[in-house]
Amino acid sequence: MRMTVEPGDESRLEAASGWHSIWRMQFVAEVEGHEFVLEADVLDSGDHSYLYRDGIQVAVGTGPTRFALADHLPAPARGEVASSAVIESRIGWIGMRRAHLLDGDVERPLAPLPGTWEAGRTRRRRRWPALAPVVTSLVLLVLVAALVIEGAQSLQWVTRSEWFSGISGWRFQAPWDLPLTANIVITLVGIAALAIGALRLRRTWLQSETDSAPSRLKP
């Protein structure tokens, strides 16, 4: 997708807290005394990222984007330092893949905006560093168990259907035959584990971009 940057609609920034922070990501940086917030929405199929200055939307990017902050600072604040400051963003299929501030030779990741899911996860990771591998193991265990249980029953249902009987006489017998209520609960638990895994993966991707110091996006 081709990179484009257009003026924002000057709408006010809405905090991505609670459930909203699952699909809305917000990162912040202080430049020339102004607070810039980079926002992206996982549910937005248009691959848009939004730039806010002091709570007001000043630009909208499509695709991998470079926001030159000098273009979005008040005229008196546009100086030599500001003219070189750039915020780069790139969105993956489950979340932000890159959210960095570049200023000359200095490059650093943007910090998660307080109140967002990423900020909470960063805080919990610092407080309980041993908890992350435990949660990852539990998520994988639940996912595998849900897939095995529901997969076996789905295969049994398919092999006993009329259309399958017309092409094959083979029938699969699942080791278990759970009631509908139990299947619904297992499915919901599996979906929850998948969502948690996706949230952890999107943060891991962003962190790996930071650690590997990727090449900068070309304007």
# chains A, B, ... in the order shown; residues from 1 in each chain; ligands from 1

$ residues_around --residues "Phe67 of chain A" --least-positions-apart "4" --cutoff "9 Å" --atoms "only C-alpha atoms" --output "NGL selection string"
:A and (5 or 51 or 59-61 or 71-72 or 85-89)

$ write_last_selection --atoms "C-alpha atoms" --output "JSON list (two decimals), in the first residue's frame"
[["chain", "number", "residue", "atom", "x", "y", "z"],
["A", 5, "VAL", "CA", -0.32, 11.65, 4.73],
["A", 51, "LEU", "CA", -1.35, 11.76, 14.72],
["A", 59, "ALA", "CA", -2.65, 14.23, 10.42],
["A", 60, "VAL", "CA", -3.84, 10.89, 9.06],
["A", 61, "GLY", "CA", -1.48, 8.41, 7.43],
["A", 71, "ASP", "CA", 4.63, 20.19, 9.54],
["A", 72, "HIS", "CA", 2.39, 19.83, 12.58],
["A", 85, "ALA", "CA", 11.84, 15.01, 14.14],
["A", 86, "VAL", "CA", 9.80, 12.25, 12.49],
["A", 87, "ILE", "CA", 7.36, 9.69, 13.83],
["A", 88, "GLU", "CA", 7.27, 6.45, 11.87],
["A", 89, "SER", "CA", 4.36, 4.02, 12.03]]

$ closest_residue --among "A:Gly63, A:Gly169, A:Gly92, A:Pro112" --to "Glu39 of chain A" --atoms "only C-alpha atoms"
A:Pro112

$ residues_around --residues "Gln156 of chain A" --least-positions-apart "3" --cutoff "7 Å" --atoms "only C-alpha atoms" --output "PyMOL selection string"
chain A and resi 152-153+159-160+171-174

$ closest_residue --among "A:Arg127, A:His48, A:His34, A:Arg53" --to "Leu13 of chain A" --atoms "only C-alpha atoms"
A:Arg53

$ select_by_dssp --residues "segment 40-184 of chain A" --states "strand (DSSP E or B)" --output "ChimeraX atom specification"
/A:40-41,48-53,56-62,65-68,85-91,96-103,106-109,111-112

$ write_last_selection --atoms "N, CA and C atoms" --output "CSV table (one decimal), in the first residue's frame"
chain,number,residue,atom,x,y,z
A,40,ALA,N,-3.7,4.0,16.3
A,40,ALA,CA,-4.0,3.0,15.3
A,40,ALA,C,-5.1,2.1,15.8
A,41,ASP,N,-6.0,1.7,14.9
A,41,ASP,CA,-7.1,0.8,15.2
A,41,ASP,C,-7.0,-0.5,14.5
A,48,HIS,N,-5.0,2.8,8.6
A,48,HIS,CA,-4.8,4.2,8.9
A,48,HIS,C,-4.1,4.4,10.3
A,49,SER,N,-3.2,5.4,10.4
A,49,SER,CA,-2.7,5.8,11.6
A,49,SER,C,-2.9,7.3,11.8
A,50,TYR,N,-3.2,7.7,13.0
A,50,TYR,CA,-3.6,9.0,13.3
A,50,TYR,C,-2.6,9.7,14.2
A,51,LEU,N,-2.3,11.0,13.9
A,51,LEU,CA,-1.4,11.8,14.7
A,51,LEU,C,-2.1,12.9,15.4
A,52,TYR,N,-1.9,13.0,16.7
A,52,TYR,CA,-2.6,14.0,17.5
A,52,TYR,C,-1.5,14.9,18.2
A,53,ARG,N,-1.7,16.2,18.2
A,53,ARG,CA,-0.8,17.1,18.9
A,53,ARG,C,-1.6,17.8,20.0
A,56,ILE,N,-5.3,17.1,19.7
A,56,ILE,CA,-6.1,17.4,18.5
A,56,ILE,C,-5.5,16.7,17.3
A,57,GLN,N,-6.3,16.1,16.5
A,57,GLN,CA,-5.9,15.3,15.4
A,57,GLN,C,-5.3,16.3,14.3
A,58,VAL,N,-4.1,16.1,13.9
A,58,VAL,CA,-3.4,17.0,13.0
A,58,VAL,C,-3.0,16.3,11.7
A,59,ALA,N,-3.0,14.9,11.7
A,59,ALA,CA,-2.7,14.2,10.4
A,59,ALA,C,-3.2,12.8,10.4
A,60,VAL,N,-3.4,12.3,9.2
A,60,VAL,CA,-3.8,10.9,9.1
A,60,VAL,C,-2.9,10.2,8.0
A,61,GLY,N,-2.3,9.1,8.4
A,61,GLY,CA,-1.5,8.4,7.4
A,61,GLY,C,-2.1,7.1,7.0
A,62,THR,N,-1.8,6.7,5.8
A,62,THR,CA,-2.2,5.4,5.2
A,62,THR,C,-1.0,4.6,4.9
A,65,THR,N,3.9,4.9,7.4
A,65,THR,CA,3.8,6.4,7.4
A,65,THR,C,5.0,7.0,8.1
A,66,ARG,N,5.4,8.2,7.6
A,66,ARG,CA,6.4,9.1,8.2
A,66,ARG,C,5.6,10.4,8.5
A,67,PHE,N,5.5,10.8,9.7
A,67,PHE,CA,4.9,12.0,10.1
A,67,PHE,C,6.0,13.0,10.4
A,68,ALA,N,6.3,14.0,9.5
A,68,ALA,CA,7.3,15.0,9.8
A,68,ALA,C,6.7,16.0,10.8
A,85,ALA,N,12.6,16.0,13.4
A,85,ALA,CA,11.8,15.0,14.1
A,85,ALA,C,10.8,14.4,13.3
A,86,VAL,N,10.7,13.0,13.3
A,86,VAL,CA,9.8,12.2,12.5
A,86,VAL,C,9.3,11.1,13.3
A,87,ILE,N,8.0,10.9,13.2
A,87,ILE,CA,7.4,9.7,13.8
A,87,ILE,C,7.0,8.7,12.7
A,88,GLU,N,7.5,7.5,12.8
A,88,GLU,CA,7.3,6.4,11.9
A,88,GLU,C,6.3,5.4,12.4
A,89,SER,N,5.3,5.0,11.6
A,89,SER,CA,4.4,4.0,12.0
A,89,SER,C,4.2,3.0,10.9
A,90,ARG,N,3.9,1.7,11.4
A,90,ARG,CA,3.6,0.7,10.4
A,90,ARG,C,2.7,-0.3,11.2
A,91,ILE,N,1.6,-0.6,10.6
A,91,ILE,CA,0.5,-1.4,11.2
A,91,ILE,C,0.5,-2.8,10.6
A,96,MET,N,0.2,-2.7,15.9
A,96,MET,CA,1.3,-1.8,15.5
A,96,MET,C,2.6,-2.6,15.4
A,97,ARG,N,3.3,-2.5,14.2
A,97,ARG,CA,4.6,-3.2,14.0
A,97,ARG,C,5.7,-2.2,14.3
A,98,ARG,N,5.4,-0.9,14.1
A,98,ARG,CA,6.5,0.1,14.4
A,98,ARG,C,5.9,1.4,14.8
A,99,ALA,N,6.4,2.0,15.9
A,99,ALA,CA,6.0,3.3,16.4
A,99,ALA,C,7.2,3.9,17.0
A,100,HIS,N,8.0,4.6,16.2
A,100,HIS,CA,9.3,5.2,16.6
A,100,HIS,C,9.4,6.7,16.3
A,101,LEU,N,10.1,7.3,17.2
A,101,LEU,CA,10.5,8.7,17.0
A,101,LEU,C,11.9,8.8,16.5
A,102,LEU,N,12.1,9.5,15.4
A,102,LEU,CA,13.5,9.7,14.8
A,102,LEU,C,13.8,11.2,14.9
A,103,ASP,N,14.9,11.5,15.4
A,103,ASP,CA,15.3,12.9,15.5
A,103,ASP,C,16.8,13.0,15.2
A,106,VAL,N,19.2,10.1,16.5
A,106,VAL,CA,18.5,9.5,17.7
A,106,VAL,C,17.2,8.8,17.2
A,107,GLU,N,17.1,7.5,17.7
A,107,GLU,CA,15.9,6.8,17.3
A,107,GLU,C,15.4,6.0,18.6
A,108,ARG,N,14.2,6.2,18.9
A,108,ARG,CA,13.6,5.5,20.1
A,108,ARG,C,12.2,5.2,19.9
A,109,PRO,N,11.7,4.1,20.5
A,109,PRO,CA,10.3,3.7,20.4
A,109,PRO,C,9.4,4.7,21.2
A,111,ALA,N,6.5,5.7,23.8
A,111,ALA,CA,6.0,5.0,25.0
A,111,ALA,C,4.5,4.8,24.9
A,112,PRO,N,3.9,3.7,25.4
A,112,PRO,CA,2.5,3.5,25.4
A,112,PRO,C,1.8,4.6,26.2

$ atom_distance --atom1 "atom CA of Pro114 of chain A" --atom2 "atom CA of Trp23 of chain A"
15.5 Å

$ closest_residue --among "A:Ile22, A:Val37, A:Leu147, A:Met3" --to "Thr187 of chain A" --atoms "only C-alpha atoms"
A:Leu147

$ atom_distance --atom1 "atom CA of Arg24 of chain A" --atom2 "atom CA of Trp128 of chain A"
24.6 Å

$ select_by_dssp --residues "segment 101-190 of chain A" --states "alpha helix (DSSP H)" --output "compact mmCIF listing (two decimals) with N, CA and C atoms, in the first residue's frame"
# COMPACT_ATOMS: atom_id res chain seq x y z
N TRP A 117 -3.81 -0.67 27.00
CA TRP A 117 -3.44 -2.05 27.33
C TRP A 117 -1.93 -2.23 27.30
N GLU A 118 -1.26 -1.63 26.30
CA GLU A 118 0.19 -1.77 26.21
C GLU A 118 0.89 -1.18 27.43
N ALA A 119 0.39 -0.05 27.94
CA ALA A 119 0.99 0.55 29.13
C ALA A 119 0.80 -0.35 30.34
N GLY A 120 -0.37 -0.95 30.47
CA GLY A 120 -0.62 -1.87 31.58
C GLY A 120 0.26 -3.10 31.50
N ARG A 121 0.42 -3.63 30.30
CA ARG A 121 1.26 -4.82 30.15
C ARG A 121 2.72 -4.50 30.46
N THR A 122 3.20 -3.33 30.03
CA THR A 122 4.57 -2.93 30.34
C THR A 122 4.76 -2.80 31.84
N ARG A 123 3.77 -2.23 32.52
CA ARG A 123 3.85 -2.07 33.97
C ARG A 123 3.86 -3.43 34.67
N ARG A 124 2.99 -4.35 34.23
CA ARG A 124 2.94 -5.67 34.85
C ARG A 124 4.21 -6.46 34.58
N ARG A 125 4.77 -6.28 33.38
CA ARG A 125 5.99 -7.01 33.04
C ARG A 125 7.16 -6.57 33.92
N ARG A 126 7.22 -5.29 34.23
CA ARG A 126 8.29 -4.80 35.10
C ARG A 126 8.08 -5.25 36.54
N ARG A 127 6.82 -5.31 36.96
CA ARG A 127 6.53 -5.68 38.34
C ARG A 127 6.67 -7.18 38.57
N LEU A 131 6.06 -13.64 35.35
CA LEU A 131 4.68 -13.99 35.02
C LEU A 131 4.47 -14.21 33.53
N ALA A 132 5.23 -13.50 32.68
CA ALA A 132 5.02 -13.56 31.23
C ALA A 132 5.15 -14.98 30.67
N PRO A 133 6.23 -15.73 30.98
CA PRO A 133 6.32 -17.08 30.41
C PRO A 133 5.23 -18.02 30.93
N VAL A 134 4.77 -17.79 32.16
CA VAL A 134 3.70 -18.62 32.72
C VAL A 134 2.40 -18.40 31.95
N VAL A 135 2.09 -17.12 31.70
CA VAL A 135 0.87 -16.79 30.96
C VAL A 135 0.94 -17.34 29.55
N THR A 136 2.09 -17.21 28.90
CA THR A 136 2.26 -17.73 27.54
C THR A 136 2.03 -19.24 27.50
N SER A 137 2.58 -19.95 28.47
CA SER A 137 2.41 -21.41 28.52
C SER A 137 0.95 -21.78 28.73
N LEU A 138 0.26 -21.06 29.61
CA LEU A 138 -1.16 -21.35 29.86
C LEU A 138 -2.00 -21.09 28.62
N VAL A 139 -1.72 -19.98 27.93
CA VAL A 139 -2.47 -19.65 26.72
C VAL A 139 -2.29 -20.74 25.67
N LEU A 140 -1.05 -21.20 25.47
CA LEU A 140 -0.80 -22.26 24.49
C LEU A 140 -1.48 -23.55 24.89
N LEU A 141 -1.45 -23.88 26.19
CA LEU A 141 -2.09 -25.11 26.67
C LEU A 141 -3.60 -25.08 26.43
N VAL A 142 -4.22 -23.95 26.75
CA VAL A 142 -5.67 -23.82 26.56
C VAL A 142 -6.03 -23.89 25.08
N LEU A 143 -5.25 -23.22 24.23
CA LEU A 143 -5.52 -23.24 22.79
C LEU A 143 -5.43 -24.65 22.21
N VAL A 144 -4.37 -25.37 22.57
CA VAL A 144 -4.19 -26.72 22.06
C VAL A 144 -5.32 -27.63 22.54
N ALA A 145 -5.67 -27.53 23.83
CA ALA A 145 -6.75 -28.36 24.37
C ALA A 145 -8.07 -28.08 23.68
N ALA A 146 -8.38 -26.80 23.47
CA ALA A 146 -9.64 -26.43 22.81
C ALA A 146 -9.66 -26.93 21.37
N LEU A 147 -8.54 -26.80 20.66
CA LEU A 147 -8.48 -27.27 19.28
C LEU A 147 -8.64 -28.77 19.17
N VAL A 148 -8.01 -29.50 20.08
CA VAL A 148 -8.10 -30.97 20.05
C VAL A 148 -9.52 -31.43 20.35
N ILE A 149 -10.11 -30.87 21.41
CA ILE A 149 -11.46 -31.29 21.82
C ILE A 149 -12.49 -30.96 20.75
N GLU A 150 -12.49 -29.70 20.32
CA GLU A 150 -13.49 -29.29 19.33
C GLU A 150 -13.19 -29.86 17.95
N GLY A 151 -11.91 -30.03 17.63
CA GLY A 151 -11.56 -30.59 16.33
C GLY A 151 -12.03 -32.04 16.20
N ALA A 152 -11.85 -32.83 17.26
CA ALA A 152 -12.28 -34.23 17.22
C ALA A 152 -13.79 -34.34 17.07
N GLN A 153 -14.52 -33.49 17.79
CA GLN A 153 -15.98 -33.55 17.70
C GLN A 153 -16.49 -33.04 16.35
N SER A 154 -15.80 -32.06 15.80
CA SER A 154 -16.18 -31.56 14.48
C SER A 154 -15.95 -32.62 13.41
N LEU A 155 -14.83 -33.34 13.52
CA LEU A 155 -14.56 -34.41 12.57
C LEU A 155 -15.60 -35.52 12.68
N GLN A 156 -16.01 -35.83 13.90
CA GLN A 156 -17.05 -36.84 14.09
C GLN A 156 -18.36 -36.40 13.44
N TRP A 157 -18.70 -35.13 13.62
CA TRP A 157 -19.94 -34.61 13.03
C TRP A 157 -19.89 -34.66 11.50
N VAL A 158 -18.75 -34.31 10.91
CA VAL A 158 -18.62 -34.31 9.46
C VAL A 158 -18.77 -35.73 8.91
N THR A 159 -18.08 -36.70 9.53
CA THR A 159 -18.12 -38.07 9.00
C THR A 159 -19.48 -38.74 9.19
N GLU A 162 -24.88 -36.67 6.13
CA GLU A 162 -25.40 -37.40 4.96
C GLU A 162 -24.52 -37.20 3.73
N TRP A 163 -24.05 -35.96 3.51
CA TRP A 163 -23.25 -35.71 2.32
C TRP A 163 -21.93 -36.48 2.36
N PHE A 164 -21.35 -36.64 3.56
CA PHE A 164 -20.10 -37.40 3.65
C PHE A 164 -20.36 -38.89 3.47
N SER A 165 -21.49 -39.37 4.01
CA SER A 165 -21.82 -40.79 3.86
C SER A 165 -22.01 -41.17 2.40
N LEU A 180 -23.83 -29.73 24.50
CA LEU A 180 -23.72 -28.46 23.79
C LEU A 180 -23.18 -27.35 24.68
N THR A 181 -23.65 -27.31 25.93
CA THR A 181 -23.20 -26.25 26.85
C THR A 181 -21.69 -26.30 27.05
N ALA A 182 -21.17 -27.51 27.24
CA ALA A 182 -19.73 -27.66 27.45
C ALA A 182 -18.96 -27.23 26.21
N ASN A 183 -19.48 -27.57 25.02
CA ASN A 183 -18.81 -27.17 23.78
C ASN A 183 -18.78 -25.65 23.62
N ILE A 184 -19.88 -25.00 24.00
CA ILE A 184 -19.94 -23.53 23.90
C ILE A 184 -18.91 -22.91 24.84
N VAL A 185 -18.83 -23.43 26.07
CA VAL A 185 -17.87 -22.89 27.04
C VAL A 185 -16.44 -23.08 26.54
N ILE A 186 -16.14 -24.27 26.03
CA ILE A 186 -14.78 -24.54 25.54
C ILE A 186 -14.44 -23.63 24.37
N THR A 187 -15.40 -23.41 23.48
CA THR A 187 -15.18 -22.52 22.33
C THR A 187 -14.90 -21.09 22.79
N LEU A 188 -15.69 -20.60 23.76
CA LEU A 188 -15.49 -19.24 24.26
C LEU A 188 -14.14 -19.11 24.95
N VAL A 189 -13.76 -20.12 25.72
CA VAL A 189 -12.45 -20.09 26.39
C VAL A 189 -11.32 -20.09 25.35
N GLY A 190 -11.50 -20.88 24.29
CA GLY A 190 -10.50 -20.91 23.23
C GLY A 190 -10.37 -19.57 22.53

$ closest_residue --among "A:Pro64, A:Pro74, A:Ser168, A:His20" --to "Gly33 of chain A" --atoms "only C-alpha atoms"
A:Pro74

$ atom_distance --atom1 "atom CA of Ala70 of chain A" --atom2 "atom CA of Leu38 of chain A"
15.3 Å
